[in-house]
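Peer 1: This is my_file_20.txt (compact mmCIF, N, CA and C atoms).
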# COMPACT_ATOMS: atom_id res chain seq x y z
N MET A 1 0.82 -1.21 0.00
CA MET A 1 0.00 0.00 0.00
C MET A 1 0.86 1.27 0.00
N MET A 2 2.09 1.16 0.55
CA MET A 2 2.96 2.32 0.57
C MET A 2 3.24 2.82 -0.85
N GLU A 3 3.42 1.91 -1.79
CA GLU A 3 3.71 2.31 -3.17
C GLU A 3 2.54 3.08 -3.78
N TRP A 4 1.33 2.64 -3.49
CA TRP A 4 0.15 3.35 -3.98
C TRP A 4 0.03 4.71 -3.33
N GLY A 5 0.37 4.79 -2.05
CA GLY A 5 0.33 6.08 -1.35
C GLY A 5 1.32 7.07 -1.94
N LEU A 6 2.53 6.61 -2.22
CA LEU A 6 3.53 7.49 -2.84
C LEU A 6 3.09 7.93 -4.24
N LEU A 7 2.52 7.01 -5.00
CA LEU A 7 2.04 7.35 -6.33
C LEU A 7 0.95 8.41 -6.25
N LEU A 8 -0.02 8.20 -5.38
CA LEU A 8 -1.11 9.16 -5.22
C LEU A 8 -0.58 10.53 -4.81
N LEU A 9 0.30 10.56 -3.84
CA LEU A 9 0.88 11.81 -3.37
C LEU A 9 1.63 12.53 -4.48
N ARG A 10 2.50 11.81 -5.17
CA ARG A 10 3.30 12.41 -6.24
C ARG A 10 2.43 12.95 -7.36
N VAL A 11 1.47 12.15 -7.81
CA VAL A 11 0.65 12.55 -8.96
C VAL A 11 -0.21 13.76 -8.63
N VAL A 12 -0.88 13.74 -7.50
CA VAL A 12 -1.76 14.86 -7.16
C VAL A 12 -0.96 16.14 -6.94
N VAL A 13 0.09 16.07 -6.13
CA VAL A 13 0.89 17.27 -5.86
C VAL A 13 1.59 17.74 -7.13
N GLY A 14 2.17 16.82 -7.88
CA GLY A 14 2.89 17.19 -9.09
C GLY A 14 1.99 17.83 -10.14
N LEU A 15 0.82 17.25 -10.37
CA LEU A 15 -0.07 17.81 -11.38
C LEU A 15 -0.69 19.13 -10.94
N LEU A 16 -0.98 19.27 -9.65
CA LEU A 16 -1.46 20.57 -9.17
C LEU A 16 -0.37 21.64 -9.30
N PHE A 17 0.86 21.25 -9.04
CA PHE A 17 1.97 22.18 -9.19
C PHE A 17 2.12 22.59 -10.66
N ALA A 18 2.00 21.62 -11.56
CA ALA A 18 2.07 21.92 -13.00
C ALA A 18 0.90 22.81 -13.41
N GLY A 19 -0.27 22.56 -12.85
CA GLY A 19 -1.42 23.42 -13.14
C GLY A 19 -1.20 24.85 -12.68
N HIS A 20 -0.59 24.98 -11.51
CA HIS A 20 -0.25 26.31 -10.99
C HIS A 20 0.72 27.00 -11.96
N ALA A 21 1.63 26.25 -12.52
CA ALA A 21 2.55 26.80 -13.51
C ALA A 21 1.80 27.32 -14.73
N MET A 22 0.81 26.57 -15.17
CA MET A 22 0.07 26.98 -16.36
C MET A 22 -0.79 28.23 -16.10
N GLN A 23 -1.11 28.49 -14.84
CA GLN A 23 -1.75 29.75 -14.52
C GLN A 23 -0.81 30.91 -14.85
N LYS A 24 0.46 30.74 -14.51
CA LYS A 24 1.46 31.77 -14.79
C LYS A 24 1.78 31.85 -16.28
N LEU A 25 1.98 30.70 -16.89
CA LEU A 25 2.48 30.67 -18.26
C LEU A 25 1.41 30.99 -19.31
N ALA A 26 0.19 30.50 -19.11
CA ALA A 26 -0.82 30.60 -20.16
C ALA A 26 -2.13 31.21 -19.70
N GLY A 27 -2.24 31.54 -18.43
CA GLY A 27 -3.49 32.09 -17.93
C GLY A 27 -4.59 31.05 -17.75
N TRP A 28 -4.23 29.78 -17.77
CA TRP A 28 -5.22 28.72 -17.58
C TRP A 28 -5.69 28.69 -16.13
N PHE A 29 -6.82 28.06 -15.89
CA PHE A 29 -7.35 27.80 -14.55
C PHE A 29 -7.49 29.08 -13.72
N GLY A 30 -7.88 30.16 -14.37
CA GLY A 30 -8.07 31.42 -13.66
C GLY A 30 -6.81 32.20 -13.40
N GLY A 31 -5.72 31.81 -14.02
CA GLY A 31 -4.45 32.52 -13.82
C GLY A 31 -4.38 33.80 -14.63
N TYR A 32 -3.26 34.50 -14.47
CA TYR A 32 -3.09 35.81 -15.10
C TYR A 32 -2.13 35.79 -16.29
N GLY A 33 -1.57 34.64 -16.61
CA GLY A 33 -0.65 34.56 -17.72
C GLY A 33 0.65 35.27 -17.44
N LEU A 34 1.52 35.29 -18.43
CA LEU A 34 2.83 35.92 -18.25
C LEU A 34 2.74 37.42 -18.01
N ALA A 35 1.85 38.08 -18.73
CA ALA A 35 1.76 39.54 -18.58
C ALA A 35 1.29 39.90 -17.17
N GLY A 36 0.22 39.29 -16.71
CA GLY A 36 -0.29 39.60 -15.38
C GLY A 36 0.65 39.18 -14.27
N THR A 37 1.20 37.98 -14.39
CA THR A 37 2.14 37.50 -13.37
C THR A 37 3.41 38.34 -13.39
N GLY A 38 3.87 38.69 -14.59
CA GLY A 38 5.05 39.54 -14.72
C GLY A 38 4.82 40.90 -14.08
N GLY A 39 3.64 41.46 -14.26
CA GLY A 39 3.31 42.74 -13.62
C GLY A 39 3.32 42.62 -12.10
N PHE A 40 2.76 41.52 -11.59
CA PHE A 40 2.78 41.30 -10.15
C PHE A 40 4.21 41.17 -9.65
N PHE A 41 5.02 40.39 -10.37
CA PHE A 41 6.42 40.21 -9.97
C PHE A 41 7.14 41.56 -9.92
N GLU A 42 6.92 42.39 -10.93
CA GLU A 42 7.54 43.73 -10.93
C GLU A 42 7.11 44.52 -9.70
N SER A 43 5.84 44.41 -9.33
CA SER A 43 5.32 45.20 -8.21
C SER A 43 5.92 44.79 -6.87
N ILE A 44 6.45 43.57 -6.79
CA ILE A 44 7.08 43.13 -5.53
C ILE A 44 8.60 43.08 -5.64
N GLY A 45 9.12 43.70 -6.72
CA GLY A 45 10.56 43.84 -6.85
C GLY A 45 11.29 42.71 -7.55
N ILE A 46 10.55 41.81 -8.18
CA ILE A 46 11.19 40.73 -8.94
C ILE A 46 11.25 41.19 -10.39
N LYS A 47 12.45 41.54 -10.85
CA LYS A 47 12.61 42.15 -12.18
C LYS A 47 13.67 41.40 -12.98
N PRO A 48 13.53 41.35 -14.30
CA PRO A 48 12.38 41.79 -15.08
C PRO A 48 11.19 40.83 -14.87
N GLY A 49 10.04 41.40 -14.62
CA GLY A 49 8.88 40.64 -14.20
C GLY A 49 8.45 39.53 -15.14
N ARG A 50 8.32 39.85 -16.40
CA ARG A 50 7.84 38.84 -17.37
C ARG A 50 8.84 37.70 -17.50
N THR A 51 10.11 38.02 -17.57
CA THR A 51 11.15 36.98 -17.68
C THR A 51 11.17 36.11 -16.44
N MET A 52 11.07 36.72 -15.28
CA MET A 52 11.08 35.94 -14.04
C MET A 52 9.81 35.12 -13.90
N ALA A 53 8.68 35.62 -14.39
CA ALA A 53 7.44 34.84 -14.38
C ALA A 53 7.58 33.63 -15.29
N LEU A 54 8.22 33.82 -16.43
CA LEU A 54 8.47 32.70 -17.34
C LEU A 54 9.35 31.65 -16.68
N LEU A 55 10.44 32.09 -16.05
CA LEU A 55 11.35 31.15 -15.39
C LEU A 55 10.66 30.44 -14.22
N ALA A 56 9.89 31.18 -13.44
CA ALA A 56 9.16 30.56 -12.32
C ALA A 56 8.15 29.55 -12.84
N GLY A 57 7.42 29.93 -13.87
CA GLY A 57 6.43 29.02 -14.44
C GLY A 57 7.06 27.77 -15.01
N LEU A 58 8.18 27.92 -15.70
CA LEU A 58 8.87 26.75 -16.25
C LEU A 58 9.42 25.85 -15.15
N ALA A 59 9.96 26.45 -14.09
CA ALA A 59 10.44 25.65 -12.96
C ALA A 59 9.30 24.88 -12.32
N GLU A 60 8.15 25.53 -12.15
CA GLU A 60 6.99 24.86 -11.57
C GLU A 60 6.45 23.77 -12.49
N LEU A 61 6.42 24.04 -13.78
CA LEU A 61 5.91 23.05 -14.74
C LEU A 61 6.81 21.83 -14.80
N VAL A 62 8.10 22.06 -14.98
CA VAL A 62 9.05 20.95 -15.05
C VAL A 62 9.09 20.19 -13.72
N GLY A 63 9.20 20.94 -12.63
CA GLY A 63 9.24 20.30 -11.32
C GLY A 63 7.98 19.50 -11.04
N GLY A 64 6.83 20.05 -11.35
CA GLY A 64 5.57 19.36 -11.11
C GLY A 64 5.42 18.10 -11.94
N LEU A 65 5.75 18.19 -13.23
CA LEU A 65 5.61 17.01 -14.10
C LEU A 65 6.62 15.93 -13.73
N LEU A 66 7.86 16.32 -13.47
CA LEU A 66 8.85 15.33 -13.04
C LEU A 66 8.42 14.65 -11.75
N PHE A 67 7.89 15.43 -10.82
CA PHE A 67 7.43 14.90 -9.54
C PHE A 67 6.29 13.92 -9.75
N ALA A 68 5.32 14.30 -10.59
CA ALA A 68 4.17 13.44 -10.85
C ALA A 68 4.60 12.10 -11.46
N PHE A 69 5.54 12.14 -12.38
CA PHE A 69 5.99 10.92 -13.05
C PHE A 69 7.05 10.17 -12.24
N GLY A 70 7.55 10.79 -11.19
CA GLY A 70 8.61 10.15 -10.42
C GLY A 70 9.88 9.99 -11.24
N LEU A 71 10.20 11.03 -11.98
CA LEU A 71 11.38 11.03 -12.85
C LEU A 71 12.35 12.10 -12.36
N PHE A 72 13.59 11.72 -12.12
CA PHE A 72 14.58 12.64 -11.57
C PHE A 72 14.00 13.32 -10.32
N THR A 73 13.48 12.50 -9.44
CA THR A 73 12.74 12.99 -8.28
C THR A 73 13.51 13.99 -7.43
N PRO A 74 14.80 13.81 -7.15
CA PRO A 74 15.51 14.84 -6.38
C PRO A 74 15.52 16.20 -7.08
N LEU A 75 15.68 16.21 -8.40
CA LEU A 75 15.64 17.47 -9.15
C LEU A 75 14.24 18.07 -9.09
N ALA A 76 13.21 17.24 -9.25
CA ALA A 76 11.83 17.72 -9.16
C ALA A 76 11.58 18.37 -7.81
N ALA A 77 12.01 17.69 -6.75
CA ALA A 77 11.83 18.23 -5.40
C ALA A 77 12.58 19.55 -5.24
N LEU A 78 13.78 19.62 -5.76
CA LEU A 78 14.56 20.86 -5.67
C LEU A 78 13.84 22.02 -6.36
N LEU A 79 13.29 21.79 -7.54
CA LEU A 79 12.56 22.85 -8.24
C LEU A 79 11.34 23.30 -7.45
N ILE A 80 10.63 22.35 -6.87
CA ILE A 80 9.47 22.69 -6.05
C ILE A 80 9.90 23.49 -4.82
N VAL A 81 10.92 23.02 -4.14
CA VAL A 81 11.39 23.69 -2.92
C VAL A 81 11.87 25.11 -3.24
N LEU A 82 12.66 25.27 -4.29
CA LEU A 82 13.17 26.60 -4.62
C LEU A 82 12.05 27.58 -4.94
N THR A 83 11.07 27.15 -5.75
CA THR A 83 9.99 28.09 -6.08
C THR A 83 9.16 28.42 -4.85
N MET A 84 8.97 27.46 -3.96
CA MET A 84 8.20 27.73 -2.75
C MET A 84 8.97 28.61 -1.76
N LEU A 85 10.28 28.44 -1.69
CA LEU A 85 11.09 29.32 -0.83
C LEU A 85 11.03 30.76 -1.32
N ILE A 86 11.10 30.94 -2.62
CA ILE A 86 11.01 32.30 -3.18
C ILE A 86 9.63 32.88 -2.90
N ALA A 87 8.58 32.07 -3.04
CA ALA A 87 7.23 32.54 -2.73
C ALA A 87 7.12 32.96 -1.27
N ILE A 88 7.74 32.20 -0.39
CA ILE A 88 7.72 32.56 1.03
C ILE A 88 8.48 33.86 1.27
N LEU A 89 9.68 33.95 0.71
CA LEU A 89 10.52 35.12 0.94
C LEU A 89 9.94 36.40 0.34
N LYS A 90 9.33 36.29 -0.84
CA LYS A 90 8.88 37.49 -1.54
C LYS A 90 7.41 37.84 -1.32
N VAL A 91 6.58 36.86 -0.96
CA VAL A 91 5.14 37.13 -0.89
C VAL A 91 4.54 36.77 0.47
N HIS A 92 4.68 35.54 0.89
CA HIS A 92 3.88 35.03 2.01
C HIS A 92 4.52 35.15 3.39
N GLY A 93 5.82 35.20 3.47
CA GLY A 93 6.51 35.18 4.75
C GLY A 93 6.12 36.29 5.70
N LYS A 94 5.96 37.46 5.17
CA LYS A 94 5.63 38.62 6.01
C LYS A 94 4.23 38.53 6.62
N ASN A 95 3.41 37.61 6.10
CA ASN A 95 2.04 37.49 6.57
C ASN A 95 1.86 36.43 7.66
N GLY A 96 2.97 35.81 8.07
CA GLY A 96 2.88 34.78 9.09
C GLY A 96 2.59 33.42 8.49
N LEU A 97 2.31 32.47 9.35
CA LEU A 97 2.16 31.08 8.93
C LEU A 97 0.85 30.78 8.21
N TRP A 98 -0.25 31.22 8.73
CA TRP A 98 -1.55 30.70 8.31
C TRP A 98 -2.01 31.22 6.95
N VAL A 99 -2.50 30.31 6.13
CA VAL A 99 -2.96 30.64 4.79
C VAL A 99 -4.16 31.58 4.82
N THR A 100 -4.93 31.55 5.89
CA THR A 100 -6.08 32.45 6.00
C THR A 100 -5.66 33.92 6.06
N GLN A 101 -4.40 34.18 6.38
CA GLN A 101 -3.86 35.55 6.35
C GLN A 101 -2.85 35.69 5.19
N ASN A 102 -2.98 34.83 4.16
CA ASN A 102 -2.07 34.81 3.01
C ASN A 102 -0.65 34.46 3.44
N GLY A 103 -0.54 33.63 4.47
CA GLY A 103 0.75 33.22 4.98
C GLY A 103 1.35 32.05 4.21
N TYR A 104 2.41 31.50 4.73
CA TYR A 104 3.22 30.50 4.02
C TYR A 104 2.90 29.05 4.38
N GLU A 105 1.79 28.81 5.05
CA GLU A 105 1.39 27.47 5.48
C GLU A 105 1.41 26.47 4.31
N PHE A 106 0.73 26.78 3.22
CA PHE A 106 0.64 25.86 2.09
C PHE A 106 2.00 25.67 1.42
N ASN A 107 2.77 26.75 1.30
CA ASN A 107 4.12 26.64 0.73
C ASN A 107 4.97 25.68 1.55
N LEU A 108 4.87 25.78 2.86
CA LEU A 108 5.63 24.91 3.75
C LEU A 108 5.19 23.45 3.59
N VAL A 109 3.90 23.22 3.46
CA VAL A 109 3.41 21.86 3.25
C VAL A 109 4.00 21.28 1.96
N LEU A 110 4.01 22.06 0.89
CA LEU A 110 4.58 21.58 -0.37
C LEU A 110 6.08 21.30 -0.25
N ILE A 111 6.79 22.14 0.47
CA ILE A 111 8.23 21.91 0.69
C ILE A 111 8.43 20.60 1.44
N VAL A 112 7.67 20.37 2.49
CA VAL A 112 7.82 19.14 3.29
C VAL A 112 7.48 17.91 2.45
N ILE A 113 6.43 17.98 1.65
CA ILE A 113 6.08 16.86 0.78
C ILE A 113 7.21 16.58 -0.20
N ALA A 114 7.71 17.61 -0.86
CA ALA A 114 8.76 17.42 -1.86
C ALA A 114 10.03 16.84 -1.24
N VAL A 115 10.45 17.39 -0.12
CA VAL A 115 11.66 16.88 0.54
C VAL A 115 11.44 15.46 1.04
N SER A 116 10.28 15.19 1.59
CA SER A 116 9.99 13.85 2.11
C SER A 116 10.03 12.80 1.01
N VAL A 117 9.40 13.09 -0.12
CA VAL A 117 9.41 12.14 -1.23
C VAL A 117 10.83 11.97 -1.78
N ALA A 118 11.58 13.06 -1.84
CA ALA A 118 12.97 12.95 -2.31
C ALA A 118 13.79 12.06 -1.37
N LEU A 119 13.56 12.17 -0.07
CA LEU A 119 14.30 11.37 0.89
C LEU A 119 13.84 9.91 0.91
N ILE A 120 12.53 9.69 0.83
CA ILE A 120 11.98 8.33 0.84
C ILE A 120 12.22 7.64 -0.49
N GLY A 121 12.12 8.40 -1.55
CA GLY A 121 12.17 7.86 -2.90
C GLY A 121 10.78 7.87 -3.49
N PRO A 122 10.67 7.88 -4.82
CA PRO A 122 9.37 8.02 -5.47
C PRO A 122 8.53 6.75 -5.47
N GLY A 123 9.12 5.63 -5.08
CA GLY A 123 8.38 4.38 -5.05
C GLY A 123 8.55 3.55 -6.31
N ASP A 124 8.00 2.35 -6.24
CA ASP A 124 8.13 1.41 -7.36
C ASP A 124 7.33 1.83 -8.58
N TYR A 125 6.25 2.58 -8.37
CA TYR A 125 5.42 3.03 -9.48
C TYR A 125 5.88 4.41 -9.95
N SER A 126 7.11 4.47 -10.39
CA SER A 126 7.71 5.72 -10.85
C SER A 126 8.66 5.43 -12.00
N LEU A 127 8.94 6.45 -12.77
CA LEU A 127 9.91 6.28 -13.85
C LEU A 127 11.32 6.13 -13.31
N ASP A 128 11.60 6.73 -12.17
CA ASP A 128 12.92 6.52 -11.54
C ASP A 128 13.16 5.06 -11.24
N ALA A 129 12.12 4.34 -10.83
CA ALA A 129 12.26 2.93 -10.50
C ALA A 129 12.70 2.11 -11.72
N LEU A 130 12.32 2.57 -12.91
CA LEU A 130 12.74 1.86 -14.13
C LEU A 130 14.26 1.97 -14.34
N TRP A 131 14.84 3.09 -13.92
CA TRP A 131 16.28 3.30 -14.08
C TRP A 131 17.07 2.43 -13.12
N VAL A 132 16.52 2.25 -11.92
CA VAL A 132 17.23 1.51 -10.87
C VAL A 132 17.12 0.01 -11.09
N ASN A 133 15.93 -0.45 -11.47
CA ASN A 133 15.69 -1.89 -11.62
C ASN A 133 16.13 -2.42 -12.96
Output the structure of this file as structure tokens.
Peer 2:
Amino acid sequence: MMEWGLLLLRVVVGLLFAGHAMQKLAGWFGGYGLAGTGGFFESIGIKPGRTMALLAGLAELVGGLLFAFGLFTPLAALLIVLTMLIAILKVHGKNGLWVTQNGYEFNLVLIVIAVSVALIGPGDYSLDALWVN
């Protein structure tokens, strides 16, 4: 059952992370696209905004998809952790922990999930497992 649990965790978190990326990159799922996200990034001092939004979106997309497939899992976790640390430092950290005050609670949960899966391993139902076996 542990293998199914790891698969479920990886796929749901990874695909949601990739979906969040597509909000930035293409404006899907109610997102603002590169122009809107780039404008927000500029307003909080991340410049050049559009370029940094593109890089953040690509990191989230690649990290999320790799995580979901269990491919290069340590790299996937690193991409997730880095984007969440930047989100904490630039947006959510000043608001405290709780998400109800726009805090970093959810970012921290994603960091812990990513690091935990990287430490445990992605499980037998992963593309990484094909490389090892």
Peer 1: Work out how far atom C of Gly123 in chain A is from atom C of Leu9 in chain A, in Å to one decimal.
Peer 2: 11.5 Å
Peer 1: Which residues are near Ala129 in chain A? Cut-off 8 Å, only N, CA and C atoms, ignore same chain within fewer than 4 positions. Put them as a PyMOL selection string.
Peer 2: chain A and resi 69-72+122-125+133
Peer 1: Figure out the distance between CA of Val99 in chain A and CA of Phe67 in chain A, please, to one decimal in Å.
Peer 2: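 Straight-line distance from CA of Phe67 in chain A to CA of Val99 in chain A works out to 23.7 Å.
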Peer 1: Select, from A:Leu108, A:Val13, A:Leu127, A:Ile86, the residue with the minimum atom-to-atom distance to Gly63 in chain A, counting all atoms listed in the file.
Peer 2: A:Val13
Peer 1: I'd like the contact shell of range 104-106 of chain A - 6 Å cut-off, only N, CA and C atoms, skipping same-chain residues fewer than 6 positions apart - returned as a list in words.
Peer 2: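 Near neighbours after the sequence-gap exclusion: Ile88, His92, Gly93, Asn95, Gly96, Leu97 and Trp98 of chain A.
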Peer 1: Please determine, counting only N, CA and C atoms, which residue among A:Ala114, A:Val12, A:Tyr32, A:Met52 has the shortest atom-to-atom distance to Ile80 in chain A.
Peer 2: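 Counting only N, CA and C atoms, the residue closest to Ile80 in chain A is A:Ala114.
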Peer 1: What separation in Å, quoted to one decimal, exists between CA of Lys94 in chain A and CA of Leu110 in chain A?
Peer 2: 18.2 Å
Peer 1: DSSP on the backbone: which residues in chain A end up as helix (DSSP H, G or I)? Give the answer as JSON, numbers by chain.
Peer 2: {"A": [2, 3, 4, 5, 6, 7, 8, 9, 10, 11, 12, 13, 14, 15, 16, 17, 18, 19, 20, 21, 22, 23, 24, 25, 26, 28, 29, 30, 33, 34, 35, 36, 37, 38, 39, 40, 41, 42, 43, 49, 50, 51, 52, 53, 54, 55, 56, 57, 58, 59, 60, 61, 62, 63, 64, 65, 66, 67, 68, 69, 73, 74, 75, 76, 77, 78, 79, 80, 81, 82, 83, 84, 85, 86, 87, 88, 89, 90, 91, 92, 93, 94, 95, 99, 100, 101, 105, 106, 107, 108, 109, 110, 111, 112, 113, 114, 115, 116, 117, 118, 119, 120, 127, 128, 129, 130, 131, 132]}
Peer 1: Which residues come within 6.5 Å of Gly31 in chain A, counting all atoms listed in the file, excluding same-chain residues fewer than 6 positions away, as a PyMOL selection string?
Peer 2: chain A and resi 22-24
Peer 1: Out of A:Leu34, A:Leu61, A:Met1, A:Val132, which residue has the shortest atom-to-atom distance to His20 in chain A when counting only C-alpha atoms?
Peer 2: A:Leu61
Peer 1: Considering only N, CA and C atoms, return as a PyMOL selection string whatever protein or nucleic-acid residues lie within 6 Å of Ala118 in chain A, sequence-local ones (same chain, fewer than 4 positions apart) excluded.
Peer 2: chain A and resi 73-74+113-114
Peer 1: From the options A:Gly103, A:Val109, A:Thr51, A:Phe29, which residue's atoms come nearest to Val91 in chain A, counting all atoms listed in the file?
Peer 2: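 Of A:Gly103, A:Val109, A:Thr51, A:Phe29, the one nearest Val91 in chain A, counting all atoms listed in the file, is A:Gly103.
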Peer 1: Here is a test: counting only C-alpha atoms, which residue of A:Ile120, A:Leu8, A:Lys90, A:Leu16 is nearest to Glu42 in chain A?
Peer 2: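 Result for the nearest residue to Glu42 in chain A: A:Lys90.
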Peer 1: Any chance you could work out the axis-aligned box around range 79-84 of chain A, listed atoms only, 5 Å on each side, giving centre and edge lengths in Å to one decimal, as lines of an AutoDock Vina configuration file?
Peer 2:
center_x = 10.7
center_y = 25.2
center_z = -5.0
size_x = 15.1
size_y = 16.8
size_z = 16.5
Peer 1: Go through A:Leu66, A:Thr100, A:Asn107, A:Ala35 and flag the residue nearest Arg10 in chain A, using only N, CA and C atoms for the distances.
Peer 2: A:Leu66
